[in-house]
Structure formats: structure tokens, C-alpha cells
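Just start.cif here, mmCIF, C-alpha atoms:
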```cif
data_work
#
loop_
_atom_site.group_PDB
_atom_site.id
_atom_site.type_symbol
_atom_site.label_atom_id
_atom_site.label_comp_id
_atom_site.auth_asym_id
_atom_site.auth_seq_id
_atom_site.Cartn_x
_atom_site.Cartn_y
_atom_site.Cartn_z
ATOM 1 C CA MET A 81 -23.134 5.014 -7.405
ATOM 2 C CA SER A 82 -19.947 6.567 -6.005
ATOM 3 C CA LYS A 83 -17.617 4.328 -4.057
ATOM 4 C CA ILE A 84 -16.843 5.519 -0.540
ATOM 5 C CA PHE A 85 -15.209 2.472 1.000
ATOM 6 C CA SER A 86 -13.028 -0.076 -0.707
ATOM 7 C CA LEU A 87 -11.592 -3.478 0.193
ATOM 8 C CA ASP A 88 -8.000 -3.870 -0.815
ATOM 9 C CA SER A 89 -5.383 -6.573 -0.708
ATOM 10 C CA SER A 90 -2.814 -4.176 0.756
ATOM 11 C CA ALA A 91 -4.107 -3.735 4.264
ATOM 12 C CA TYR A 92 -3.456 -3.260 7.903
ATOM 13 C CA HIS A 93 -2.394 -6.357 9.790
ATOM 14 C CA MET A 94 -4.421 -6.733 12.996
ATOM 15 C CA GLN A 95 -3.529 -8.565 16.138
ATOM 16 C CA MET A 96 -5.729 -10.209 18.751
ATOM 17 C CA PRO A 97 -5.322 -8.819 22.293
ATOM 18 C CA PRO A 98 -4.023 -11.229 24.935
ATOM 19 C CA LYS A 99 -6.735 -13.238 26.705
ATOM 20 C CA SER A 100 -5.467 -14.309 30.142
ATOM 21 C CA THR A 101 -4.391 -17.980 29.998
ATOM 22 C CA ASP A 102 -7.054 -19.300 27.632
ATOM 23 C CA THR A 103 -5.448 -22.061 25.580
ATOM 24 C CA ASN A 104 -8.391 -22.366 23.193
ATOM 25 C CA LEU A 105 -7.702 -19.146 21.282
ATOM 26 C CA ASN A 106 -7.701 -19.601 17.560
ATOM 27 C CA PRO A 107 -4.077 -18.790 16.592
ATOM 28 C CA GLN A 108 -5.113 -17.196 13.303
ATOM 29 C CA THR A 109 -7.520 -14.826 15.036
ATOM 30 C CA GLN A 110 -4.919 -14.082 17.695
ATOM 31 C CA GLU A 111 -2.379 -13.191 15.013
ATOM 32 C CA HIS A 112 -4.502 -10.881 12.883
ATOM 33 C CA PHE A 113 -6.872 -8.845 15.037
ATOM 34 C CA LEU A 114 -6.948 -6.196 17.687
ATOM 35 C CA LEU A 115 -10.542 -5.122 18.232
ATOM 36 C CA SER A 116 -12.102 -3.436 21.245
ATOM 37 C CA PHE A 117 -15.707 -2.880 22.240
ATOM 38 C CA GLU A 118 -15.066 -0.696 25.282
ATOM 39 C CA ARG A 119 -15.700 3.037 25.638
ATOM 40 C CA PRO A 120 -12.541 4.935 24.659
ATOM 41 C CA ALA A 121 -10.570 6.077 27.697
ATOM 42 C CA SER A 122 -11.243 9.723 28.486
ATOM 43 C CA SER A 123 -11.039 12.262 31.234
ATOM 44 C CA SER A 124 -13.665 12.092 33.972
ATOM 45 C CA GLU A 125 -14.419 15.765 33.482
ATOM 46 C CA ASP A 126 -16.374 17.338 30.647
ATOM 47 C CA ASN A 127 -14.892 20.253 28.723
ATOM 48 C CA THR A 128 -11.425 18.663 28.802
ATOM 49 C CA LEU A 129 -9.614 18.557 25.473
ATOM 50 C CA LEU A 130 -8.461 15.048 24.526
ATOM 51 C CA THR A 131 -6.835 13.237 21.643
ATOM 52 C CA SER A 132 -8.016 9.854 20.417
ATOM 53 C CA SER A 133 -5.737 6.832 20.510
ATOM 54 C CA ASP A 134 -4.075 5.066 17.610
ATOM 55 C CA LYS A 135 -7.293 3.127 17.040
ATOM 56 C CA LEU A 136 -10.078 3.957 14.639
ATOM 57 C CA THR A 137 -13.241 4.003 16.786
ATOM 58 C CA ILE A 138 -16.842 3.846 15.562
ATOM 59 C CA VAL A 139 -19.468 4.949 18.102
ATOM 60 C CA LEU A 140 -23.203 4.308 17.782
ATOM 61 C CA CYS A 141 -25.447 6.125 20.280
ATOM 62 C CA THR A 142 -28.321 3.890 21.430
ATOM 63 C CA ARG A 143 -29.811 5.945 24.253
ATOM 64 C CA GLY A 144 -29.687 9.410 25.811
ATOM 65 C CA CYS A 145 -27.514 12.151 24.372
ATOM 66 C CA LYS A 146 -23.956 13.429 24.485
ATOM 67 C CA THR A 147 -22.515 16.668 23.130
ATOM 68 C CA VAL A 148 -18.945 16.404 21.881
ATOM 69 C CA GLN A 149 -16.495 18.538 19.982
ATOM 70 C CA LEU A 150 -14.549 16.814 17.194
ATOM 71 C CA ASN A 151 -11.671 18.779 15.703
ATOM 72 C CA PHE A 152 -13.252 21.950 17.132
ATOM 73 C CA THR A 153 -16.710 21.344 15.626
ATOM 74 C CA GLU A 154 -19.576 20.546 18.020
ATOM 75 C CA TYR A 155 -21.967 17.612 17.504
ATOM 76 C CA VAL A 156 -24.865 16.144 19.480
ATOM 77 C CA LEU A 157 -25.085 12.355 19.694
ATOM 78 C CA GLU A 158 -28.631 11.054 19.974
ATOM 79 C CA PRO A 159 -30.067 7.560 19.402
ATOM 80 C CA GLY A 160 -29.083 6.578 15.857
ATOM 81 C CA SER A 161 -26.062 8.900 15.705
ATOM 82 C CA ILE A 162 -22.853 7.324 14.415
ATOM 83 C CA VAL A 163 -19.467 8.945 15.017
ATOM 84 C CA PHE A 164 -16.025 8.124 13.619
ATOM 85 C CA LEU A 165 -12.962 8.920 15.737
ATOM 86 C CA TYR A 166 -9.856 8.732 13.576
ATOM 87 C CA PRO A 167 -6.496 8.137 15.253
ATOM 88 C CA ASN A 168 -5.300 11.427 16.788
ATOM 89 C CA THR A 169 -8.674 13.164 16.471
ATOM 90 C CA ILE A 170 -8.813 16.178 18.781
ATOM 91 C CA TRP A 171 -12.039 15.910 20.754
ATOM 92 C CA LYS A 172 -13.746 17.155 23.868
ATOM 93 C CA PRO A 173 -16.804 15.862 25.778
ATOM 94 C CA ILE A 174 -19.089 18.825 26.466
ATOM 95 C CA LYS A 175 -22.132 17.384 28.193
ATOM 96 C CA THR A 176 -23.431 13.854 28.794
ATOM 97 C CA SER A 177 -26.936 12.857 29.858
ATOM 98 C CA SER A 178 -27.254 10.459 32.789
ATOM 99 C CA ASP A 179 -28.911 7.823 30.575
ATOM 100 C CA PHE A 180 -26.386 7.966 27.729
ATOM 101 C CA GLN A 181 -25.511 4.584 26.232
ATOM 102 C CA ALA A 182 -23.559 3.651 23.118
ATOM 103 C CA ARG A 183 -21.887 0.754 21.349
ATOM 104 C CA TYR A 184 -18.222 0.974 20.397
ATOM 105 C CA LEU A 185 -16.014 -0.767 17.859
ATOM 106 C CA SER A 186 -12.314 0.102 17.763
ATOM 107 C CA MET A 187 -9.774 -1.288 15.302
ATOM 108 C CA ARG A 188 -6.044 -0.725 15.460
ATOM 109 C CA GLU A 189 -3.456 -1.201 12.757
ATOM 110 C CA HIS A 190 -0.471 -3.427 13.365
ATOM 111 C CA SER A 191 3.039 -2.604 12.164
ATOM 112 C CA PRO A 192 2.941 -0.690 8.842
ATOM 113 C CA LYS A 193 5.536 -3.195 7.632
ATOM 114 C CA GLU A 194 2.996 -6.002 7.870
ATOM 115 C CA ARG A 195 0.058 -4.986 5.709
ATOM 116 C CA ASN A 196 -1.035 -8.395 4.518
ATOM 117 C CA ALA A 197 -4.474 -8.625 6.101
ATOM 118 C CA PHE A 198 -7.766 -8.067 4.327
ATOM 119 C CA LEU A 199 -8.782 -4.529 5.107
ATOM 120 C CA ASP A 200 -7.149 -1.202 4.302
ATOM 121 C CA LEU A 201 -8.587 1.075 6.978
ATOM 122 C CA GLU A 202 -6.769 4.106 5.634
ATOM 123 C CA THR A 203 -8.397 3.689 2.222
ATOM 124 C CA ILE A 204 -11.780 2.978 3.749
ATOM 125 C CA PHE A 205 -11.988 5.932 6.085
ATOM 126 C CA SER A 206 -9.333 8.555 5.416
ATOM 127 C CA LEU A 207 -10.271 8.865 1.756
ATOM 128 C CA SER A 208 -13.982 9.101 2.405
ATOM 129 C CA THR A 209 -15.073 12.611 1.510
ATOM 130 C CA TYR A 210 -18.347 12.167 3.357
ATOM 131 C CA ILE A 211 -16.854 11.023 6.648
ATOM 132 C CA ALA A 212 -14.012 13.536 6.437
ATOM 133 C CA ARG A 213 -16.606 16.278 6.346
ATOM 134 C CA HIS A 214 -19.174 14.521 8.535
ATOM 135 C CA PRO A 215 -17.550 12.455 11.315
ATOM 136 C CA HIS A 216 -21.034 12.530 12.855
ATOM 137 C CA THR A 217 -24.077 11.258 10.925
ATOM 138 C CA SER A 218 -27.673 10.568 11.928
ATOM 139 C CA LEU A 219 -28.808 7.170 10.686
ATOM 140 C CA SER A 220 -32.362 6.205 9.844
ATOM 141 C CA ALA A 221 -34.137 3.834 12.229
ATOM 142 C CA ASN A 222 -33.525 0.886 9.896
ATOM 143 C CA GLU A 223 -29.860 1.802 9.343
ATOM 144 C CA SER A 224 -29.343 2.066 13.099
ATOM 145 C CA ILE A 225 -30.795 -1.410 13.622
ATOM 146 C CA VAL A 226 -28.501 -2.833 10.929
ATOM 147 C CA VAL A 227 -25.365 -1.157 12.330
ATOM 148 C CA GLU A 228 -26.111 -2.196 15.915
ATOM 149 C CA GLY A 229 -26.707 -5.738 14.688
ATOM 150 C CA TYR A 230 -23.218 -5.837 13.207
ATOM 151 C CA PHE A 231 -21.709 -4.436 16.424
ATOM 152 C CA ARG A 232 -23.350 -7.208 18.424
ATOM 153 C CA LEU A 233 -22.480 -9.998 15.997
ATOM 154 C CA ILE A 234 -18.842 -8.976 15.526
ATOM 155 C CA GLN A 235 -18.357 -8.705 19.287
ATOM 156 C CA ASN A 236 -20.067 -12.038 19.922
ATOM 157 C CA ARG A 237 -17.974 -13.901 17.349
ATOM 158 C CA TYR A 238 -14.740 -12.168 18.319
ATOM 159 C CA GLU A 239 -15.156 -12.971 22.003
ATOM 160 C CA ALA A 240 -15.983 -16.585 21.062
ATOM 161 C CA HIS A 241 -12.509 -16.780 19.425
ATOM 162 C CA VAL A 242 -13.901 -17.999 16.128
ATOM 163 C CA ASN A 243 -11.777 -18.536 13.047
ATOM 164 C CA TYR A 244 -10.051 -15.485 11.584
ATOM 165 C CA ALA A 245 -11.891 -15.878 8.282
ATOM 166 C CA ILE A 246 -15.260 -15.485 9.999
ATOM 167 C CA ILE A 247 -14.271 -12.204 11.678
ATOM 168 C CA ARG A 248 -12.775 -11.019 8.399
ATOM 169 C CA SER A 249 -16.013 -11.745 6.536
ATOM 170 C CA LEU A 250 -18.165 -10.054 9.169
ATOM 171 C CA ILE A 251 -16.123 -6.847 9.123
ATOM 172 C CA SER A 252 -16.046 -6.901 5.322
ATOM 173 C CA ALA A 253 -19.834 -7.161 5.260
ATOM 174 C CA PHE A 254 -20.123 -4.351 7.825
ATOM 175 C CA ILE A 255 -17.905 -2.095 5.698
ATOM 176 C CA LEU A 256 -19.998 -2.859 2.614
ATOM 177 C CA GLU A 257 -23.141 -1.880 4.536
ATOM 178 C CA LEU A 258 -21.525 1.411 5.565
ATOM 179 C CA ASN A 259 -20.384 1.916 1.987
ATOM 180 C CA GLN A 260 -23.984 1.654 0.806
ATOM 181 C CA MET A 261 -25.304 4.017 3.478
ATOM 182 C CA PHE A 262 -22.780 6.775 2.861
ATOM 183 C CA ALA A 263 -22.699 6.383 -0.916
ATOM 184 C CA ILE A 264 -26.393 7.254 -0.936
ATOM 185 C CA ARG A 265 -25.714 10.392 1.084
ATOM 186 C CA VAL A 266 -22.906 11.470 -1.209
ATOM 187 C CA GLU A 267 -25.155 11.027 -4.232
ATOM 188 C CA ARG A 268 -27.776 13.211 -2.579
ATOM 189 C CA LYS A 269 -25.413 16.004 -1.559
ATOM 190 C CA LYS A 270 -22.603 15.762 -4.153
ATOM 191 C CA LEU A 271 -20.190 16.607 -1.366
ATOM 192 C CA LYS A 272 -16.700 17.923 -1.870
ATOM 193 C CA ILE A 273 -14.273 19.128 0.755
ATOM 194 C CA SER A 274 -13.484 22.796 0.243
ATOM 195 C CA ARG A 275 -9.958 24.158 0.080
ATOM 196 C CA LYS A 276 -10.448 25.794 3.491
ATOM 197 C CA GLU A 277 -11.650 22.537 5.070
ATOM 198 C CA ASP A 278 -8.657 20.745 3.581
ATOM 199 C CA ILE A 279 -6.325 23.314 5.172
ATOM 200 C CA LEU A 280 -7.975 22.824 8.585
ATOM 201 C CA TRP A 281 -7.712 19.019 8.412
ATOM 202 C CA ARG A 282 -4.076 19.143 7.302
ATOM 203 C CA PHE A 283 -3.225 21.712 9.989
ATOM 204 C CA LEU A 284 -4.743 19.513 12.717
ATOM 205 C CA SER A 285 -2.933 16.461 11.362
ATOM 206 C CA LEU A 286 0.402 18.288 11.383
ATOM 207 C CA LEU A 287 -0.306 19.654 14.847
ATOM 208 C CA THR A 288 -0.784 16.198 16.377
ATOM 209 C CA GLN A 289 2.615 15.224 14.942
ATOM 210 C CA HIS A 290 4.657 18.318 15.830
ATOM 211 C CA TYR A 291 3.054 20.107 18.807
ATOM 212 C CA LYS A 292 5.860 19.053 21.155
ATOM 213 C CA GLU A 293 8.554 20.640 19.042
ATOM 214 C CA ASN A 294 6.781 23.535 17.345
ATOM 215 C CA ARG A 295 4.256 25.999 18.732
ATOM 216 C CA SER A 296 4.722 28.605 15.998
ATOM 217 C CA VAL A 297 1.962 29.417 13.494
ATOM 218 C CA ASP A 298 4.719 30.189 10.985
ATOM 219 C CA PHE A 299 5.981 26.599 11.173
ATOM 220 C CA TYR A 300 2.591 25.108 10.241
ATOM 221 C CA ALA A 301 1.938 27.699 7.551
ATOM 222 C CA ASP A 302 5.306 26.844 5.977
ATOM 223 C CA LYS A 303 4.458 23.123 6.049
ATOM 224 C CA LEU A 304 1.146 23.885 4.304
ATOM 225 C CA CYS A 305 2.836 26.217 1.776
ATOM 226 C CA ILE A 306 0.582 29.149 2.682
ATOM 227 C CA SER A 307 1.144 32.405 4.539
ATOM 228 C CA PRO A 308 0.684 32.576 8.325
ATOM 229 C CA LYS A 309 -1.977 35.246 7.775
ATOM 230 C CA HIS A 310 -3.979 33.009 5.429
ATOM 231 C CA LEU A 311 -3.675 30.023 7.783
ATOM 232 C CA SER A 312 -4.868 32.097 10.730
ATOM 233 C CA SER A 313 -7.785 33.472 8.730
ATOM 234 C CA VAL A 314 -8.950 30.019 7.584
ATOM 235 C CA ILE A 315 -8.653 28.470 11.053
ATOM 236 C CA LYS A 316 -10.580 31.347 12.621
ATOM 237 C CA GLN A 317 -13.396 31.066 10.057
ATOM 238 C CA LEU A 318 -13.865 27.314 10.486
ATOM 239 C CA SER A 319 -13.124 26.722 14.166
ATOM 240 C CA HIS A 320 -13.906 30.133 15.703
ATOM 241 C CA LYS A 321 -10.485 29.942 17.351
ATOM 242 C CA THR A 322 -7.157 31.322 16.222
ATOM 243 C CA ALA A 323 -4.427 28.947 15.070
ATOM 244 C CA HIS A 324 -2.375 30.030 18.088
ATOM 245 C CA GLU A 325 -5.248 29.183 20.459
ATOM 246 C CA ILE A 326 -5.629 25.720 18.945
ATOM 247 C CA ILE A 327 -1.893 25.069 19.255
ATOM 248 C CA SER A 328 -2.038 26.110 22.909
ATOM 249 C CA ASP A 329 -5.120 23.930 23.482
ATOM 250 C CA VAL A 330 -3.338 20.845 22.166
ATOM 251 C CA VAL A 331 -0.220 21.484 24.273
ATOM 252 C CA ILE A 332 -2.356 21.989 27.389
ATOM 253 C CA MET A 333 -4.283 18.805 26.591
ATOM 254 C CA ALA A 334 -1.010 16.855 26.480
ATOM 255 C CA ALA A 335 0.237 18.521 29.659
ATOM 256 C CA LYS A 336 -2.949 17.640 31.555
ATOM 257 C CA GLN A 337 -2.743 14.014 30.469
ATOM 258 C CA LEU A 338 0.889 13.772 31.584
ATOM 259 C CA LEU A 339 0.110 15.432 34.925
ATOM 260 C CA LYS A 340 -2.842 13.148 35.668
ATOM 261 C CA THR A 341 -1.717 9.832 34.185
ATOM 262 C CA THR A 342 2.058 9.670 34.786
ATOM 263 C CA THR A 343 4.477 10.030 37.683
ATOM 264 C CA LEU A 344 6.802 12.285 35.693
ATOM 265 C CA SER A 345 7.967 15.327 37.622
ATOM 266 C CA ILE A 346 6.838 18.754 36.444
ATOM 267 C CA GLN A 347 10.404 19.389 35.297
ATOM 268 C CA GLU A 348 10.341 16.174 33.245
ATOM 269 C CA ILE A 349 6.966 17.113 31.730
ATOM 270 C CA SER A 350 8.280 20.543 30.761
ATOM 271 C CA GLU A 351 11.199 18.814 29.019
ATOM 272 C CA GLU A 352 8.857 16.305 27.332
ATOM 273 C CA LEU A 353 6.858 19.200 25.891
ATOM 274 C CA ASN A 354 10.013 21.035 24.845
ATOM 275 C CA PHE A 355 9.766 24.080 27.117
ATOM 276 C CA ALA A 356 12.976 25.964 27.835
ATOM 277 C CA ASN A 357 12.589 25.283 31.540
ATOM 278 C CA GLN A 358 10.037 24.475 34.245
ATOM 279 C CA SER A 359 9.335 28.143 34.888
ATOM 280 C CA PHE A 360 8.285 28.792 31.292
ATOM 281 C CA PHE A 361 6.080 25.688 31.361
ATOM 282 C CA GLY A 362 4.434 26.800 34.621
ATOM 283 C CA LYS A 363 3.672 30.262 33.256
ATOM 284 C CA PHE A 364 2.261 28.822 30.027
ATOM 285 C CA PHE A 365 0.069 26.333 31.920
ATOM 286 C CA LYS A 366 -1.282 28.922 34.352
ATOM 287 C CA GLN A 367 -1.945 31.432 31.586
ATOM 288 C CA ASN A 368 -4.100 28.887 29.773
ATOM 289 C CA THR A 369 -5.802 27.144 32.696
ATOM 290 C CA GLY A 370 -5.710 29.577 35.592
ATOM 291 C CA GLN A 371 -3.861 26.990 37.707
ATOM 292 C CA SER A 372 -0.283 25.973 38.302
ATOM 293 C CA PRO A 373 0.723 22.460 37.115
ATOM 294 C CA SER A 374 1.127 21.286 40.707
ATOM 295 C CA SER A 375 -2.325 22.570 41.705
ATOM 296 C CA TYR A 376 -3.920 20.804 38.745
ATOM 297 C CA ARG A 377 -2.126 17.556 39.536
ATOM 298 C CA GLY A 378 -3.220 17.725 43.173
ATOM 299 C CA GLU A 379 -6.955 18.072 42.438
#
```
Starting from the file, give its structure as C-alpha cells.
Amino acid sequence: MSKIFSLDSSAYHMQMPPKSTDTNLNPQTQEHFLLSFERPASSSEDNTLLTSSDKLTIVLCTRGCKTVQLNFTEYVLEPGSIVFLYPNTIWKPIKTSSDFQARYLSMREHSPKERNAFLDLETIFSLSTYIARHPHTSLSANESIVVEGYFRLIQNRYEAHVNYAIIRSLISAFILELNQMFAIRVERKKLKISRKEDILWRFLSLLTQHYKENRSVDFYADKLCISPKHLSSVIKQLSHKTAHEIISDVVIMAAKQLLKTTTLSIQEISEELNFANQSFFGKFFKQNTGQSPSSYRGE
């Protein structure tokens, strides 16, 4: 059976988040882990483009439904749906039912210089052909029960500040379960990522790194060693948007977050996003949103 996830000795070092003044924290657990079980922070409004944090987040829908867009592809989360949000995933909540509920597990890497923990998240997830093509998967009823059981157990043990080795073993077992589930699906479908899909994923990855400095399709085409025309054609086929539109979407997403979540002046935001001046930034923002930056901030 093909191997989707792997455990490796070269791994991300994880750190425990601070816990008020509790003096009973296990120092080993505190040193190695940073896990979260909260819903990822997002805008209060649907149809707002967002980017995921530096955490890898696994979401399991347990009730209701939610429509989301992940890297410009739309998915519907229903009970039993599992979703993987890689760091810097471009996503957008479209519609959420009033009874929507889900369980969340987020894991964040520590300093790349300290990769002496037990789990290589990059190997496990980024190299998974199934998850790369299917960040959303519908689990069977039994699989859903198993996955939710791990969510509950890992959270329970983590919040009880148990020994590092116990948390390590639980996550290792969880990864092995996921490995089994997705290996079966790969065997059934013999999935491979197409050349066009690879171009889209690499374009989006480059965009999250360089959108502040470069808003030119030519720049990204050069980085991908293809022509601007070919890049535009591929992006249009797979996302139903032009490469230029996606670049603008990402810049607007960043601008909205800065306007709503910081006290930076509009001039400072225009400089942060590398616009020639505040006037150019204002025209760009209004052209893409129908509002001026100040009007959006004041809502």
C-alpha cells in the first residue's frame, strides 16, 4: 500500500503555549508543543478573502454545513468532512449554517533551526499527493468517529499537561490512522497531480511570499520558468480567475486585514504593501472593493 504520511527523526520542534501561572506544567511538554483546539481566527463577514496562519490546521465538521473556498476551489463541509489548512492557504468563507459545529487541531512549527522533535509535518502533509489535490475529504461514518476520538483525546491529554511522550505517541497514532485512511483512497484512485495543478500550487505559494513586492504576472511566470501567457491560461482554467485577479485579491485581502486589525495609518499601510504613494493605494483599493480604505476601516 502506498505511503502517504511518514514519521521522521528530522522534525519540527513544537512549543507549549503559556498557561497563566500554573506551576504544574510538565516542562518537557511545555518545551516541545504548540497545539490549539480553537477555531482559526477569521473575518466576521463571509465572502472575505483570508490567508491561514503559520499553523497547520485540521478541521472536522461534526454538525451543520459550511461552504468555503480553498485556494480558489469551493468545498462544502458537512458532518464527516475533514479539511486541511496548510500555512498560508488562501481561503474564503462563503456561507455558514446557523448550526455549524466543528473540531479543530492546529500545530505550529518552532524555529526551523530546532528540528529535533518527533514529527516532520512538512513530510507528512506537503508531500501527500492526495491531500495536495484534496484538502477536503468526506470520511465514512466509522472514520469520522475515529478522527473525532483522537481530537478529543489529544485535547484532553494536552490540557491535562501530561508528559511529552504521551502527547507525542497520541499524535503519532493519529497520523498513522490518517495514513491508513488516505492510502486506501490513493490506491483506489491512483492519483497524481497534473502539471497544471502543480503550476497553480507553486504560483499560490510564491504569491503568499512576494505579493507585497511584486504584483506583476511576468514576475511569477519568470519564477516558474514559463511564459506569462501560459501561466495566465493555466490559472484561468483551474481557478476561473485570471492570474492578475488573484494577485489583486491577495493584496486586497492583506489590505483589509491591516485596515481592520491594526492602527497603522493608511499611508503606512500603502508603504507596507509597497505602493508608490497613498493615492495609488486608494485608487487600487476602491477599484477592487468599491470603497475607499477609510470608508472600509470605518464600517
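When all atoms listed in the file are used to measure the gap to Ser285 in chain A, the shortest distance among A:Leu114, A:Ile170, A:Ile346, A:Ala301 belongs to A:Ile170.
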Practice prompt. Go through A:Gln235, A:Arg377, A:Ser328, A:Phe361 one by one, measure the shortest atom-to-atom distance of each to Thr343 in chain A using only C-alpha atoms, and give the residue with the smallest value.
Written response: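 Between A:Gln235, A:Arg377, A:Ser328, A:Phe361, the residue approaching Thr343 in chain A most closely is A:Arg377.
Between Asn354 in chain A and the candidates A:Asn294, A:Asn151, A:Ser307, A:Ser313, the tightest atom-to-atom separation, counting all atoms listed in the file, involves A:Asn294.
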Discussion item. Report as number ranges by chain all protein, DNA and RNA residues lying within 7 Å of Gln347 in chain A, evaluated on all atoms listed in the file, omitting residues in the same chain fewer than 3 positions from it.
Written reply: A: 350-351, 358
Same residues, C-alpha atoms, saved as a compact mmCIF listing (two decimals), in the coordinates of the input:
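out10.txt was written with the following content:
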```txt
# COMPACT_ATOMS: atom_id res chain seq x y z
CA SER A 350 8.28 20.54 30.76
CA GLU A 351 11.20 18.81 29.02
CA GLN A 358 10.04 24.48 34.24
```
Item to complete: Might you spell out which residues the PyMOL selection byres ((chain A and resi 280) around 12) would select in the displayed file, as a VMD selection string?
Response: chain A and resid 151 to 153 212 to 213 273 to 279 281 to 287 300 to 301 304 310 to 323 326
Discussion item. Using all atoms listed in the file for the distances, tell me which of A:Ala182, A:Leu140, A:Ile211, A:Ile246 is nearest to Tyr166 in chain A.
Written reply: A:Ile211
Worksheet, complete the sentence: Shortest contact to Arg232 in chain A, candidates A:Lys175, A:Arg183, A:Lys340, A:Arg295, atoms counted only C-alpha atoms, goes to A:Arg183
Practice prompt. Output the residue selection produced by the PyMOL selection byres ((chain A and resi 138) around 9) on the file above, formatted as a list in words.
Written response: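 Listing what the PyMOL selection byres ((chain A and resi 138) around 9) selects in the shown file: Leu136, Thr137, Val139, Leu140, Ile162, Val163, Phe164, Leu165, Tyr166, Arg183, Tyr184, Leu185, Ser186 and Met187 of chain A.
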Worksheet item: To one decimal place, how far is CA of Ser220 in chain A from CA of Arg143 in chain A in Å?
Response: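 Rounded to one decimal, the two atoms are 14.6 Å apart.
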Discussion item. Residue by residue, what does the PyMOL selection byres ((chain A and resi 372) around 12) grab here? Present the result as a VMD selection string.
Written reply: chain A and resid 332 335 to 336 339 346 358 to 371 373 to 379
Practice prompt. Determine the nearest neighbour of Glu325 in chain A from the options A:Val297, A:Leu353, A:Ile174, A:Leu338, counting only C-alpha atoms.
Written response: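 So, comparing all the options, the nearest one is A:Val297.
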Worksheet item: Do you have the CA of Cys145 in chain A-CA of Ser161 in chain A distance handy?
Response: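 Interatomic distance here is 9.4 Å.
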Fill in: Shell around Tyr230 in chain A at 9 Å using all atoms listed in the file, local window under 5 positions removed, as a ChimeraX atom specification
/A:225,235,250-251,253-254
Discussion item. I'd like the neighbourhood of Asn236 in chain A as a PyMOL selection string, where a residue qualifies if any of its atoms comes within 12 Å (using only C-alpha atoms), though same-chain residues fewer than 5 positions away should be ignored.
Written reply: chain A and resi 115-117+229-231+241-242+246-247+250
Fill in: Long-range neighbours of Lys146 in chain A as a list in words, 10 Å cut-off, only C-alpha atoms, 3 positions minimum in chain
Cys141, Arg143, Tyr155, Val156, Leu157, Glu158, Pro159, Pro173, Ile174, Lys175, Thr176, Ser177, Ser178, Asp179, Phe180, Gln181 and Ala182 of chain A
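Here CA of Ala221 in chain A is placed at a distance of 22.1 Å from CA of Ser252 in chain A.
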